[in-house]
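Undergrad: If it helps, the file is called final.txt and holds compact mmCIF, N, CA and C atoms and all ligand atoms:
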# COMPACT_ATOMS: atom_id res chain seq x y z
N MET A 1 0.84 -1.20 0.00
CA MET A 1 0.00 0.00 0.00
C MET A 1 0.88 1.25 0.00
N GLU A 2 0.49 2.21 -0.81
CA GLU A 2 1.27 3.45 -0.90
C GLU A 2 1.16 4.24 0.40
N ARG A 3 2.29 4.79 0.82
CA ARG A 3 2.30 5.66 2.00
C ARG A 3 2.57 7.08 1.53
N ASP A 4 1.69 7.98 1.89
CA ASP A 4 1.81 9.36 1.43
C ASP A 4 3.08 10.03 1.92
N ASP A 5 3.58 9.59 3.08
CA ASP A 5 4.77 10.22 3.66
C ASP A 5 6.06 9.55 3.21
N CYS A 6 5.98 8.63 2.25
CA CYS A 6 7.16 7.86 1.85
C CYS A 6 7.65 8.34 0.48
N ILE A 7 8.91 8.77 0.44
CA ILE A 7 9.49 9.30 -0.79
C ILE A 7 9.45 8.26 -1.92
N PHE A 8 9.81 7.01 -1.61
CA PHE A 8 9.86 6.01 -2.69
C PHE A 8 8.45 5.63 -3.16
N CYS A 9 7.46 5.63 -2.26
CA CYS A 9 6.08 5.43 -2.73
C CYS A 9 5.70 6.53 -3.70
N GLN A 10 6.16 7.74 -3.43
CA GLN A 10 5.84 8.87 -4.32
C GLN A 10 6.58 8.77 -5.65
N VAL A 11 7.82 8.27 -5.62
CA VAL A 11 8.55 8.04 -6.88
C VAL A 11 7.81 6.98 -7.70
N ILE A 12 7.40 5.90 -7.03
CA ILE A 12 6.74 4.78 -7.72
C ILE A 12 5.42 5.24 -8.34
N SER A 13 4.69 6.08 -7.64
CA SER A 13 3.39 6.54 -8.17
C SER A 13 3.55 7.66 -9.20
N GLY A 14 4.79 8.18 -9.33
CA GLY A 14 5.03 9.26 -10.29
C GLY A 14 4.80 10.65 -9.73
N LYS A 15 4.44 10.72 -8.43
CA LYS A 15 4.25 12.04 -7.82
C LYS A 15 5.56 12.78 -7.71
N LEU A 16 6.65 12.04 -7.53
CA LEU A 16 7.99 12.63 -7.57
C LEU A 16 8.69 12.14 -8.83
N PRO A 17 9.42 13.04 -9.52
CA PRO A 17 10.10 12.62 -10.75
C PRO A 17 11.30 11.71 -10.44
N SER A 18 11.63 10.86 -11.39
CA SER A 18 12.82 10.02 -11.25
C SER A 18 13.29 9.61 -12.63
N LYS A 19 14.52 9.13 -12.68
CA LYS A 19 15.03 8.55 -13.92
C LYS A 19 14.79 7.04 -13.81
N MET A 20 13.66 6.62 -14.37
CA MET A 20 13.22 5.23 -14.24
C MET A 20 13.93 4.37 -15.28
N GLU A 21 14.55 3.30 -14.83
CA GLU A 21 15.29 2.41 -15.73
C GLU A 21 14.44 1.20 -16.14
N TYR A 22 13.58 0.76 -15.23
CA TYR A 22 12.77 -0.44 -15.50
C TYR A 22 11.59 -0.43 -14.54
N GLU A 23 10.47 -0.94 -15.02
CA GLU A 23 9.29 -1.01 -14.17
C GLU A 23 8.44 -2.19 -14.59
N ASP A 24 7.90 -2.91 -13.64
CA ASP A 24 6.87 -3.91 -13.94
C ASP A 24 5.83 -3.87 -12.82
N GLU A 25 5.01 -4.90 -12.75
CA GLU A 25 3.91 -4.91 -11.78
C GLU A 25 4.43 -4.86 -10.33
N TYR A 26 5.60 -5.41 -10.11
CA TYR A 26 6.09 -5.61 -8.74
C TYR A 26 7.22 -4.68 -8.34
N LEU A 27 8.01 -4.23 -9.33
CA LEU A 27 9.25 -3.53 -9.03
C LEU A 27 9.39 -2.24 -9.81
N ALA A 28 10.14 -1.30 -9.23
CA ALA A 28 10.62 -0.13 -9.96
C ALA A 28 12.14 -0.09 -9.77
N ILE A 29 12.84 0.21 -10.85
CA ILE A 29 14.29 0.37 -10.78
C ILE A 29 14.61 1.76 -11.33
N PHE A 30 15.16 2.61 -10.45
CA PHE A 30 15.46 3.98 -10.89
C PHE A 30 16.84 4.39 -10.38
N TRP A 31 17.37 5.46 -11.00
CA TRP A 31 18.72 5.93 -10.69
C TRP A 31 18.72 6.73 -9.40
N ASP A 32 19.72 6.49 -8.57
CA ASP A 32 19.83 7.21 -7.30
C ASP A 32 20.07 8.69 -7.56
N ILE A 33 19.40 9.54 -6.79
CA ILE A 33 19.50 10.98 -6.95
C ILE A 33 20.87 11.51 -6.52
N ASN A 34 21.54 10.78 -5.68
CA ASN A 34 22.85 11.19 -5.16
C ASN A 34 23.83 10.02 -5.31
N PRO A 35 24.24 9.75 -6.57
CA PRO A 35 24.96 8.50 -6.85
C PRO A 35 26.31 8.39 -6.14
N GLN A 36 26.57 7.21 -5.62
CA GLN A 36 27.83 6.92 -4.94
C GLN A 36 28.81 6.19 -5.85
N ALA A 37 28.44 5.99 -7.09
CA ALA A 37 29.28 5.34 -8.10
C ALA A 37 28.70 5.74 -9.45
N PRO A 38 29.50 5.59 -10.54
CA PRO A 38 28.98 5.98 -11.86
C PRO A 38 27.65 5.31 -12.20
N THR A 39 27.49 4.05 -11.83
CA THR A 39 26.17 3.41 -11.93
C THR A 39 25.66 3.17 -10.51
N HIS A 40 24.55 3.77 -10.19
CA HIS A 40 23.93 3.58 -8.87
C HIS A 40 22.42 3.51 -9.08
N LEU A 41 21.93 2.28 -9.10
CA LEU A 41 20.50 2.03 -9.31
C LEU A 41 19.87 1.53 -8.01
N LEU A 42 18.59 1.81 -7.87
CA LEU A 42 17.84 1.34 -6.71
C LEU A 42 16.74 0.40 -7.20
N ILE A 43 16.75 -0.81 -6.68
CA ILE A 43 15.76 -1.83 -7.05
C ILE A 43 14.74 -1.88 -5.92
N VAL A 44 13.53 -1.46 -6.22
CA VAL A 44 12.56 -1.12 -5.17
C VAL A 44 11.25 -1.88 -5.40
N PRO A 45 10.78 -2.63 -4.41
CA PRO A 45 9.45 -3.24 -4.56
C PRO A 45 8.37 -2.18 -4.53
N LYS A 46 7.35 -2.34 -5.36
CA LYS A 46 6.27 -1.34 -5.36
C LYS A 46 5.48 -1.37 -4.06
N LYS A 47 5.40 -2.54 -3.47
CA LYS A 47 4.73 -2.68 -2.17
C LYS A 47 5.58 -1.99 -1.10
N HIS A 48 4.95 -1.22 -0.24
CA HIS A 48 5.70 -0.55 0.83
C HIS A 48 6.03 -1.53 1.95
N VAL A 49 7.34 -1.79 2.10
CA VAL A 49 7.88 -2.54 3.24
C VAL A 49 8.99 -1.65 3.78
N SER A 50 8.96 -1.35 5.08
CA SER A 50 9.87 -0.34 5.60
C SER A 50 11.32 -0.78 5.61
N ARG A 51 11.54 -2.03 6.00
CA ARG A 51 12.92 -2.51 6.12
C ARG A 51 12.99 -3.99 5.78
N PHE A 52 14.19 -4.40 5.44
CA PHE A 52 14.42 -5.77 4.97
C PHE A 52 13.88 -6.80 5.96
N SER A 53 14.11 -6.57 7.24
CA SER A 53 13.69 -7.56 8.25
C SER A 53 12.18 -7.62 8.40
N GLU A 54 11.46 -6.71 7.77
CA GLU A 54 9.99 -6.74 7.84
C GLU A 54 9.36 -7.52 6.69
N PHE A 55 10.19 -8.00 5.74
CA PHE A 55 9.64 -8.95 4.78
C PHE A 55 9.12 -10.17 5.54
N THR A 56 8.08 -10.80 4.99
CA THR A 56 7.55 -12.02 5.62
C THR A 56 7.64 -13.16 4.61
N ASP A 57 7.23 -14.34 5.03
CA ASP A 57 7.25 -15.50 4.13
C ASP A 57 6.39 -15.24 2.89
N ASP A 58 5.38 -14.38 3.01
CA ASP A 58 4.55 -14.05 1.85
C ASP A 58 5.33 -13.26 0.80
N ASP A 59 6.46 -12.70 1.20
CA ASP A 59 7.25 -11.87 0.28
C ASP A 59 8.39 -12.66 -0.39
N PHE A 60 8.37 -13.97 -0.20
CA PHE A 60 9.45 -14.80 -0.75
C PHE A 60 9.64 -14.56 -2.25
N ASP A 61 8.54 -14.57 -3.00
CA ASP A 61 8.62 -14.33 -4.45
C ASP A 61 9.15 -12.94 -4.75
N LEU A 62 8.68 -11.97 -3.99
CA LEU A 62 9.08 -10.58 -4.22
C LEU A 62 10.59 -10.41 -4.00
N MET A 63 11.10 -11.04 -2.94
CA MET A 63 12.54 -10.97 -2.69
C MET A 63 13.31 -11.60 -3.85
N GLY A 64 12.79 -12.71 -4.35
CA GLY A 64 13.43 -13.36 -5.50
C GLY A 64 13.39 -12.47 -6.73
N LYS A 65 12.28 -11.79 -6.91
CA LYS A 65 12.15 -10.89 -8.07
C LYS A 65 13.16 -9.75 -7.98
N MET A 66 13.40 -9.24 -6.78
CA MET A 66 14.39 -8.16 -6.62
C MET A 66 15.78 -8.65 -7.03
N MET A 67 16.16 -9.82 -6.57
CA MET A 67 17.49 -10.35 -6.90
C MET A 67 17.59 -10.65 -8.40
N ASP A 68 16.52 -11.21 -8.95
CA ASP A 68 16.52 -11.55 -10.37
C ASP A 68 16.62 -10.29 -11.23
N ALA A 69 15.91 -9.24 -10.82
CA ALA A 69 15.96 -7.98 -11.57
C ALA A 69 17.37 -7.38 -11.48
N ALA A 70 18.00 -7.50 -10.32
CA ALA A 70 19.37 -6.99 -10.17
C ALA A 70 20.32 -7.73 -11.12
N ARG A 71 20.18 -9.03 -11.17
CA ARG A 71 21.03 -9.84 -12.06
C ARG A 71 20.80 -9.43 -13.52
N LYS A 72 19.55 -9.30 -13.90
CA LYS A 72 19.26 -8.99 -15.31
C LYS A 72 19.72 -7.60 -15.71
N ILE A 73 19.54 -6.64 -14.81
CA ILE A 73 19.96 -5.28 -15.16
C ILE A 73 21.48 -5.19 -15.20
N ALA A 74 22.14 -5.93 -14.32
CA ALA A 74 23.61 -5.96 -14.34
C ALA A 74 24.12 -6.54 -15.65
N LEU A 75 23.47 -7.58 -16.12
CA LEU A 75 23.87 -8.18 -17.40
C LEU A 75 23.55 -7.24 -18.56
N LYS A 76 22.38 -6.62 -18.50
CA LYS A 76 21.97 -5.71 -19.59
C LYS A 76 22.95 -4.55 -19.73
N LEU A 77 23.45 -4.05 -18.60
CA LEU A 77 24.37 -2.91 -18.62
C LEU A 77 25.84 -3.36 -18.65
N ASN A 78 26.05 -4.66 -18.82
CA ASN A 78 27.41 -5.24 -18.88
C ASN A 78 28.23 -4.98 -17.62
N LEU A 79 27.57 -4.84 -16.49
CA LEU A 79 28.29 -4.54 -15.25
C LEU A 79 29.08 -5.75 -14.76
N ASN A 80 28.71 -6.93 -15.24
CA ASN A 80 29.41 -8.14 -14.82
C ASN A 80 30.84 -8.19 -15.35
N GLU A 81 31.13 -7.39 -16.39
CA GLU A 81 32.50 -7.42 -16.94
C GLU A 81 33.50 -6.93 -15.90
N LYS A 82 33.25 -5.77 -15.31
CA LYS A 82 34.20 -5.22 -14.33
C LYS A 82 33.77 -5.47 -12.90
N GLY A 83 32.49 -5.69 -12.69
CA GLY A 83 32.00 -6.03 -11.36
C GLY A 83 31.02 -5.00 -10.81
N PHE A 84 30.36 -5.41 -9.78
CA PHE A 84 29.34 -4.54 -9.16
C PHE A 84 29.09 -5.02 -7.75
N ARG A 85 28.32 -4.25 -7.01
CA ARG A 85 27.98 -4.61 -5.63
C ARG A 85 26.49 -4.39 -5.39
N LEU A 86 25.88 -5.31 -4.64
CA LEU A 86 24.48 -5.18 -4.20
C LEU A 86 24.48 -4.94 -2.70
N VAL A 87 23.70 -3.96 -2.26
CA VAL A 87 23.68 -3.58 -0.84
C VAL A 87 22.24 -3.31 -0.40
N ILE A 88 21.90 -3.81 0.79
CA ILE A 88 20.68 -3.36 1.47
C ILE A 88 21.10 -2.81 2.82
N ASN A 89 20.78 -1.56 3.07
CA ASN A 89 21.02 -0.96 4.39
C ASN A 89 19.78 -1.15 5.25
N GLU A 90 20.02 -1.49 6.51
CA GLU A 90 18.89 -1.57 7.45
C GLU A 90 19.28 -0.93 8.77
N GLY A 91 18.49 0.05 9.17
CA GLY A 91 18.61 0.59 10.52
C GLY A 91 19.71 1.63 10.67
N ARG A 92 19.80 2.13 11.88
CA ARG A 92 20.65 3.28 12.19
C ARG A 92 22.11 3.06 11.83
N ASP A 93 22.68 1.95 12.25
CA ASP A 93 24.12 1.75 12.05
C ASP A 93 24.49 1.58 10.58
N SER A 94 23.53 1.20 9.75
CA SER A 94 23.82 1.03 8.32
C SER A 94 23.72 2.35 7.58
N GLY A 95 23.07 3.33 8.19
CA GLY A 95 22.83 4.60 7.51
C GLY A 95 21.57 4.60 6.67
N GLN A 96 20.69 3.63 6.85
CA GLN A 96 19.42 3.64 6.09
C GLN A 96 18.73 4.99 6.27
N SER A 97 18.39 5.61 5.15
CA SER A 97 17.78 6.94 5.22
C SER A 97 16.37 6.96 4.65
N ILE A 98 16.05 5.99 3.80
CA ILE A 98 14.69 5.90 3.24
C ILE A 98 14.08 4.60 3.75
N PHE A 99 12.98 4.73 4.48
CA PHE A 99 12.40 3.55 5.11
C PHE A 99 11.30 2.94 4.22
N HIS A 100 11.76 2.61 3.00
CA HIS A 100 11.03 1.77 2.04
C HIS A 100 12.12 0.90 1.43
N VAL A 101 12.07 -0.38 1.70
CA VAL A 101 13.21 -1.25 1.42
C VAL A 101 13.67 -1.14 -0.04
N HIS A 102 14.98 -1.19 -0.24
CA HIS A 102 15.54 -1.08 -1.59
C HIS A 102 16.91 -1.74 -1.63
N LEU A 103 17.21 -2.26 -2.82
CA LEU A 103 18.50 -2.90 -3.08
C LEU A 103 19.32 -1.94 -3.93
N HIS A 104 20.49 -1.56 -3.41
CA HIS A 104 21.40 -0.69 -4.19
C HIS A 104 22.20 -1.57 -5.14
N LEU A 105 22.36 -1.11 -6.38
CA LEU A 105 23.27 -1.74 -7.34
C LEU A 105 24.31 -0.68 -7.70
N LEU A 106 25.56 -0.96 -7.29
CA LEU A 106 26.65 0.01 -7.45
C LEU A 106 27.70 -0.56 -8.39
N SER A 107 28.17 0.27 -9.33
CA SER A 107 29.17 -0.22 -10.27
C SER A 107 29.85 0.96 -10.96
N GLY A 108 30.94 0.67 -11.66
CA GLY A 108 31.58 1.68 -12.49
C GLY A 108 32.82 2.29 -11.86
N ARG A 109 33.16 1.87 -10.67
CA ARG A 109 34.44 2.27 -10.06
C ARG A 109 34.88 1.17 -9.10
N ARG A 110 36.14 1.25 -8.70
CA ARG A 110 36.65 0.30 -7.71
C ARG A 110 36.01 0.60 -6.36
N LEU A 111 35.31 -0.37 -5.80
CA LEU A 111 34.60 -0.18 -4.53
C LEU A 111 35.46 -0.67 -3.38
N MET A 112 35.42 0.04 -2.28
CA MET A 112 36.25 -0.30 -1.13
C MET A 112 35.67 -1.49 -0.36
N TRP A 113 36.58 -2.26 0.22
CA TRP A 113 36.17 -3.32 1.14
C TRP A 113 37.21 -3.43 2.23
N PRO A 114 36.90 -3.41 3.50
CA PRO A 114 35.52 -3.33 4.01
C PRO A 114 34.89 -1.99 3.71
N PRO A 115 33.54 -1.96 3.65
CA PRO A 115 32.85 -0.70 3.38
C PRO A 115 33.06 0.29 4.51
N GLY A 116 32.98 1.56 4.21
CA GLY A 116 33.22 2.60 5.20
C GLY A 116 32.14 2.66 6.25
P1 LIG B 1 19.57 4.25 2.09
O1 LIG B 1 20.53 5.20 2.75
O2 LIG B 1 18.20 4.32 2.73
O3 LIG B 1 20.09 2.86 1.97
O4 LIG B 1 19.43 4.75 0.60
C1 LIG B 1 18.53 5.73 0.18
C2 LIG B 1 19.01 6.22 -1.16
O5 LIG B 1 17.96 6.91 -1.79
C3 LIG B 1 20.20 7.18 -1.09
O6 LIG B 1 21.27 6.65 -1.86
C4 LIG B 1 19.64 8.47 -1.66
O7 LIG B 1 20.58 9.18 -2.45
C5 LIG B 1 18.47 8.00 -2.49
N1 LIG B 1 17.38 8.95 -2.61
C6 LIG B 1 16.83 9.73 -1.62
N2 LIG B 1 15.80 10.45 -2.08
C7 LIG B 1 15.69 10.13 -3.40
C8 LIG B 1 14.79 10.58 -4.43
O8 LIG B 1 13.88 11.39 -4.23
N3 LIG B 1 15.00 10.05 -5.67
C9 LIG B 1 15.97 9.14 -5.93
N4 LIG B 1 16.07 8.69 -7.18
N5 LIG B 1 16.81 8.70 -4.98
C10 LIG B 1 16.68 9.19 -3.73
ZN ZN B 2 6.98 3.46 0.56
Reformat the file's structure so that it appears as structure tokens.
TA:
Amino acid sequence: MERDDCIFCQVISGKLPSKMEYEDEYLAIFWDINPQAPTHLLIVPKKHVSRFSEFTDDDFDLMGKMMDAARKIALKLNLNEKGFRLVINEGRDSGQSIFHVHLHLLSGRRLMWPPG
């Protein structure tokens, strides 16, 4: 269900503009407004779930769809040649700032490990 106070719900509904890369019934994939790498995409379920740990067994397919979409978009953009990283932040210590769950896809530069 859309939440009026949620930025990503507003992006998904089109109330807020975005650079949309892919969309289907379940997912939206759009470019991060403040990219941390040359390619920085956000893979976002259309259903509002605040954080990763709030997914339930009913969301098993949806979680699979997020991973599958990440794989396909990485292949489509040839990110597998040099590499990429998938990240989900959850909670205060991770720096999660938008409380609508999303998978970051980062690529196009050498990424640090361990992460900062
Ligand atoms: P988090 O810190 O919650 O893991 O990631 C939230 C991400 O959403 C950040 O990378 C931030 O730049 C991005 N972001 C915040 N507001 C917007 C917006 O309105 N549009 C887009 N495209 N990205 C946003
Ligand atoms: Zn939302």
Undergrad: Return as a tab-separated table the residues of chain A lying at most 5 Å from ligand ZN 2 (chain B), together with the closest atom-to-atom pair for each and the distance in Å to one decimal, counting all atoms listed in the file, with rows in chain order and ascending residue number.
TA:
residue	atom	partner	partner_atom	distance
A:Arg3	N	B:ZN2	ZN	4.9
A:Cys6	CA	B:ZN2	ZN	4.6
A:Phe8	C	B:ZN2	ZN	4.6
A:Cys9	N	B:ZN2	ZN	3.6
A:His48	CA	B:ZN2	ZN	4.2
A:His100	CA	B:ZN2	ZN	4.6
Undergrad: Suppose you want the space between atom N of Asn34 in chain A and atom N of His104 in chain A; what is it in Å?
TA: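 So the answer is 12.6 Å.
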Undergrad: What does the structure give for the distance between CA of Asp32 in chain A and atom N of Asp59 in chain A, in Å to one decimal?
TA: 25.4 Å
Undergrad: How would you report the residues lying within 6 Å of ligand LIG 1 (chain B), as a list of chain:residue names, if you count only C-alpha atoms and all ligand atoms?
TA: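 Selection of residues at most 6 Å from ligand LIG 1 (chain B): A:Ile7, A:Ser18, A:Trp31, A:Asp32, A:Ile33, A:Asn34, A:Asn89, A:Gly95, A:Gln96, A:Ser97, A:Ile98.
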Undergrad: Given all atoms listed in the file as the basis, pick out the residue of A:Met66, A:Ile12, A:Leu79, A:Ala37 nearest to Leu103 in chain A.
TA: A:Met66
Undergrad: Tell me, which residues of chain A carry DSSP strand (DSSP E), written as an MDAnalysis selection string?
TA: chainID A and resid 20:23 27:31 39:45 84:87 103:107
Undergrad: Limited to N, CA and C atoms, could you put the picked residues into a file as a compact mmCIF listing (two decimals), keeping the file's coordinate frame?
TA:
# COMPACT_ATOMS: atom_id res chain seq x y z
N MET A 20 13.66 6.62 -14.37
CA MET A 20 13.22 5.23 -14.24
C MET A 20 13.93 4.37 -15.28
N GLU A 21 14.55 3.30 -14.83
CA GLU A 21 15.29 2.41 -15.73
C GLU A 21 14.44 1.20 -16.14
N TYR A 22 13.58 0.76 -15.23
CA TYR A 22 12.77 -0.44 -15.50
C TYR A 22 11.59 -0.43 -14.54
N GLU A 23 10.47 -0.94 -15.02
CA GLU A 23 9.29 -1.01 -14.17
C GLU A 23 8.44 -2.19 -14.59
N LEU A 27 8.01 -4.23 -9.33
CA LEU A 27 9.25 -3.53 -9.03
C LEU A 27 9.39 -2.24 -9.81
N ALA A 28 10.14 -1.30 -9.23
CA ALA A 28 10.62 -0.13 -9.96
C ALA A 28 12.14 -0.09 -9.77
N ILE A 29 12.84 0.21 -10.85
CA ILE A 29 14.29 0.37 -10.78
C ILE A 29 14.61 1.76 -11.33
N PHE A 30 15.16 2.61 -10.45
CA PHE A 30 15.46 3.98 -10.89
C PHE A 30 16.84 4.39 -10.38
N TRP A 31 17.37 5.46 -11.00
CA TRP A 31 18.72 5.93 -10.69
C TRP A 31 18.72 6.73 -9.40
N THR A 39 27.49 4.05 -11.83
CA THR A 39 26.17 3.41 -11.93
C THR A 39 25.66 3.17 -10.51
N HIS A 40 24.55 3.77 -10.19
CA HIS A 40 23.93 3.58 -8.87
C HIS A 40 22.42 3.51 -9.08
N LEU A 41 21.93 2.28 -9.10
CA LEU A 41 20.50 2.03 -9.31
C LEU A 41 19.87 1.53 -8.01
N LEU A 42 18.59 1.81 -7.87
CA LEU A 42 17.84 1.34 -6.71
C LEU A 42 16.74 0.40 -7.20
N ILE A 43 16.75 -0.81 -6.68
CA ILE A 43 15.76 -1.83 -7.05
C ILE A 43 14.74 -1.88 -5.92
N VAL A 44 13.53 -1.46 -6.22
CA VAL A 44 12.56 -1.12 -5.17
C VAL A 44 11.25 -1.88 -5.40
N PRO A 45 10.78 -2.63 -4.41
CA PRO A 45 9.45 -3.24 -4.56
C PRO A 45 8.37 -2.18 -4.53
N PHE A 84 30.36 -5.41 -9.78
CA PHE A 84 29.34 -4.54 -9.16
C PHE A 84 29.09 -5.02 -7.75
N ARG A 85 28.32 -4.25 -7.01
CA ARG A 85 27.98 -4.61 -5.63
C ARG A 85 26.49 -4.39 -5.39
N LEU A 86 25.88 -5.31 -4.64
CA LEU A 86 24.48 -5.18 -4.20
C LEU A 86 24.48 -4.94 -2.70
N VAL A 87 23.70 -3.96 -2.26
CA VAL A 87 23.68 -3.58 -0.84
C VAL A 87 22.24 -3.31 -0.40
N LEU A 103 17.21 -2.26 -2.82
CA LEU A 103 18.50 -2.90 -3.08
C LEU A 103 19.32 -1.94 -3.93
N HIS A 104 20.49 -1.56 -3.41
CA HIS A 104 21.40 -0.69 -4.19
C HIS A 104 22.20 -1.57 -5.14
N LEU A 105 22.36 -1.11 -6.38
CA LEU A 105 23.27 -1.74 -7.34
C LEU A 105 24.31 -0.68 -7.70
N LEU A 106 25.56 -0.96 -7.29
CA LEU A 106 26.65 0.01 -7.45
C LEU A 106 27.70 -0.56 -8.39
N SER A 107 28.17 0.27 -9.33
CA SER A 107 29.17 -0.22 -10.27
C SER A 107 29.85 0.96 -10.96
Undergrad: What's the separation between atom C of Met67 in chain A and atom N of Phe84 in chain A, in Å to one decimal place?
TA: 13.9 Å
Undergrad: Counting all atoms listed in the file, I want the residues whose atoms come within 6.5 Å of (10.4, -6.4, -5.5) in the file frame, returned as a list in words.
TA: Tyr26, Leu27, Ala28, Ile43, Val44, Pro45, Lys46, Leu62, Met63, Lys65 and Met66 of chain A
Undergrad: Just the selected residues (N, CA and C atoms), exported as a short mmCIF file (atom, residue, chain, number, x, y, z; two decimals), in the frame of the given file, please.
TA:
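Output contents, as saved in result.cif:
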data_model
loop_
_atom_site.label_atom_id
_atom_site.label_comp_id
_atom_site.auth_asym_id
_atom_site.auth_seq_id
_atom_site.Cartn_x
_atom_site.Cartn_y
_atom_site.Cartn_z
N TYR A 26 5.60 -5.41 -10.11
CA TYR A 26 6.09 -5.61 -8.74
C TYR A 26 7.22 -4.68 -8.34
N LEU A 27 8.01 -4.23 -9.33
CA LEU A 27 9.25 -3.53 -9.03
C LEU A 27 9.39 -2.24 -9.81
N ALA A 28 10.14 -1.30 -9.23
CA ALA A 28 10.62 -0.13 -9.96
C ALA A 28 12.14 -0.09 -9.77
N ILE A 43 16.75 -0.81 -6.68
CA ILE A 43 15.76 -1.83 -7.05
C ILE A 43 14.74 -1.88 -5.92
N VAL A 44 13.53 -1.46 -6.22
CA VAL A 44 12.56 -1.12 -5.17
C VAL A 44 11.25 -1.88 -5.40
N PRO A 45 10.78 -2.63 -4.41
CA PRO A 45 9.45 -3.24 -4.56
C PRO A 45 8.37 -2.18 -4.53
N LYS A 46 7.35 -2.34 -5.36
CA LYS A 46 6.27 -1.34 -5.36
C LYS A 46 5.48 -1.37 -4.06
N LEU A 62 8.68 -11.97 -3.99
CA LEU A 62 9.08 -10.58 -4.22
C LEU A 62 10.59 -10.41 -4.00
N MET A 63 11.10 -11.04 -2.94
CA MET A 63 12.54 -10.97 -2.69
C MET A 63 13.31 -11.60 -3.85
N LYS A 65 12.28 -11.79 -6.91
CA LYS A 65 12.15 -10.89 -8.07
C LYS A 65 13.16 -9.75 -7.98
N MET A 66 13.40 -9.24 -6.78
CA MET A 66 14.39 -8.16 -6.62
C MET A 66 15.78 -8.65 -7.03
#
Undergrad: Using only C-alpha atoms for the distances, tell me which of A:Arg71, A:Arg51, A:His40, A:Arg92 is nearest to Gly108 in chain A.
TA: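 Among the listed residues, the smallest separation from Gly108 in chain A belongs to A:His40.
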Undergrad: Pick out the closest residue to Leu105 in chain A from this set: A:Asp4, A:Thr39, A:Val11, A:Phe52. Count all atoms listed in the file.
TA: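 Among the listed residues, A:Thr39 lies closest to Leu105 in chain A.
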Undergrad: Residues within 8 Å of (13.0, -2.5, -13.5), file coordinates, counting all atoms listed in the file: what are they? Give the list as a PDB file with N, CA and C atoms, in the coordinates of the input.
TA:
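Now in part18.pdb:
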ATOM      1  N   MET A  20      13.660   6.620 -14.370  1.00  0.00           N
ATOM      2  CA  MET A  20      13.220   5.230 -14.240  1.00  0.00           C
ATOM      3  C   MET A  20      13.930   4.370 -15.280  1.00  0.00           C
ATOM      4  N   GLU A  21      14.550   3.300 -14.830  1.00  0.00           N
ATOM      5  CA  GLU A  21      15.290   2.410 -15.730  1.00  0.00           C
ATOM      6  C   GLU A  21      14.440   1.200 -16.140  1.00  0.00           C
ATOM      7  N   TYR A  22      13.580   0.760 -15.230  1.00  0.00           N
ATOM      8  CA  TYR A  22      12.770  -0.440 -15.500  1.00  0.00           C
ATOM      9  C   TYR A  22      11.590  -0.430 -14.540  1.00  0.00           C
ATOM     10  N   GLU A  23      10.470  -0.940 -15.020  1.00  0.00           N
ATOM     11  CA  GLU A  23       9.290  -1.010 -14.170  1.00  0.00           C
ATOM     12  C   GLU A  23       8.440  -2.190 -14.590  1.00  0.00           C
ATOM     13  N   ASP A  24       7.900  -2.910 -13.640  1.00  0.00           N
ATOM     14  CA  ASP A  24       6.870  -3.910 -13.940  1.00  0.00           C
ATOM     15  C   ASP A  24       5.830  -3.870 -12.820  1.00  0.00           C
ATOM     16  N   LEU A  27       8.010  -4.230  -9.330  1.00  0.00           N
ATOM     17  CA  LEU A  27       9.250  -3.530  -9.030  1.00  0.00           C
ATOM     18  C   LEU A  27       9.390  -2.240  -9.810  1.00  0.00           C
ATOM     19  N   ALA A  28      10.140  -1.300  -9.230  1.00  0.00           N
ATOM     20  CA  ALA A  28      10.620  -0.130  -9.960  1.00  0.00           C
ATOM     21  C   ALA A  28      12.140  -0.090  -9.770  1.00  0.00           C
ATOM     22  N   ILE A  29      12.840   0.210 -10.850  1.00  0.00           N
ATOM     23  CA  ILE A  29      14.290   0.370 -10.780  1.00  0.00           C
ATOM     24  C   ILE A  29      14.610   1.760 -11.330  1.00  0.00           C
ATOM     25  N   PHE A  30      15.160   2.610 -10.450  1.00  0.00           N
ATOM     26  CA  PHE A  30      15.460   3.980 -10.890  1.00  0.00           C
ATOM     27  C   PHE A  30      16.840   4.390 -10.380  1.00  0.00           C
ATOM     28  N   LEU A  42      18.590   1.810  -7.870  1.00  0.00           N
ATOM     29  CA  LEU A  42      17.840   1.340  -6.710  1.00  0.00           C
ATOM     30  C   LEU A  42      16.740   0.400  -7.200  1.00  0.00           C
ATOM     31  N   ILE A  43      16.750  -0.810  -6.680  1.00  0.00           N
ATOM     32  CA  ILE A  43      15.760  -1.830  -7.050  1.00  0.00           C
ATOM     33  C   ILE A  43      14.740  -1.880  -5.920  1.00  0.00           C
ATOM     34  N   VAL A  44      13.530  -1.460  -6.220  1.00  0.00           N
ATOM     35  CA  VAL A  44      12.560  -1.120  -5.170  1.00  0.00           C
ATOM     36  C   VAL A  44      11.250  -1.880  -5.400  1.00  0.00           C
ATOM     37  N   ALA A  69      15.910  -9.240 -10.820  1.00  0.00           N
ATOM     38  CA  ALA A  69      15.960  -7.980 -11.570  1.00  0.00           C
ATOM     39  C   ALA A  69      17.370  -7.380 -11.480  1.00  0.00           C
ATOM     40  N   ALA A  70      18.000  -7.500 -10.320  1.00  0.00           N
ATOM     41  CA  ALA A  70      19.370  -6.990 -10.170  1.00  0.00           C
ATOM     42  C   ALA A  70      20.320  -7.730 -11.120  1.00  0.00           C
ATOM     43  N   ILE A  73      19.540  -6.640 -14.810  1.00  0.00           N
ATOM     44  CA  ILE A  73      19.960  -5.280 -15.160  1.00  0.00           C
ATOM     45  C   ILE A  73      21.480  -5.190 -15.200  1.00  0.00           C
TER      46      ILE A  73
END
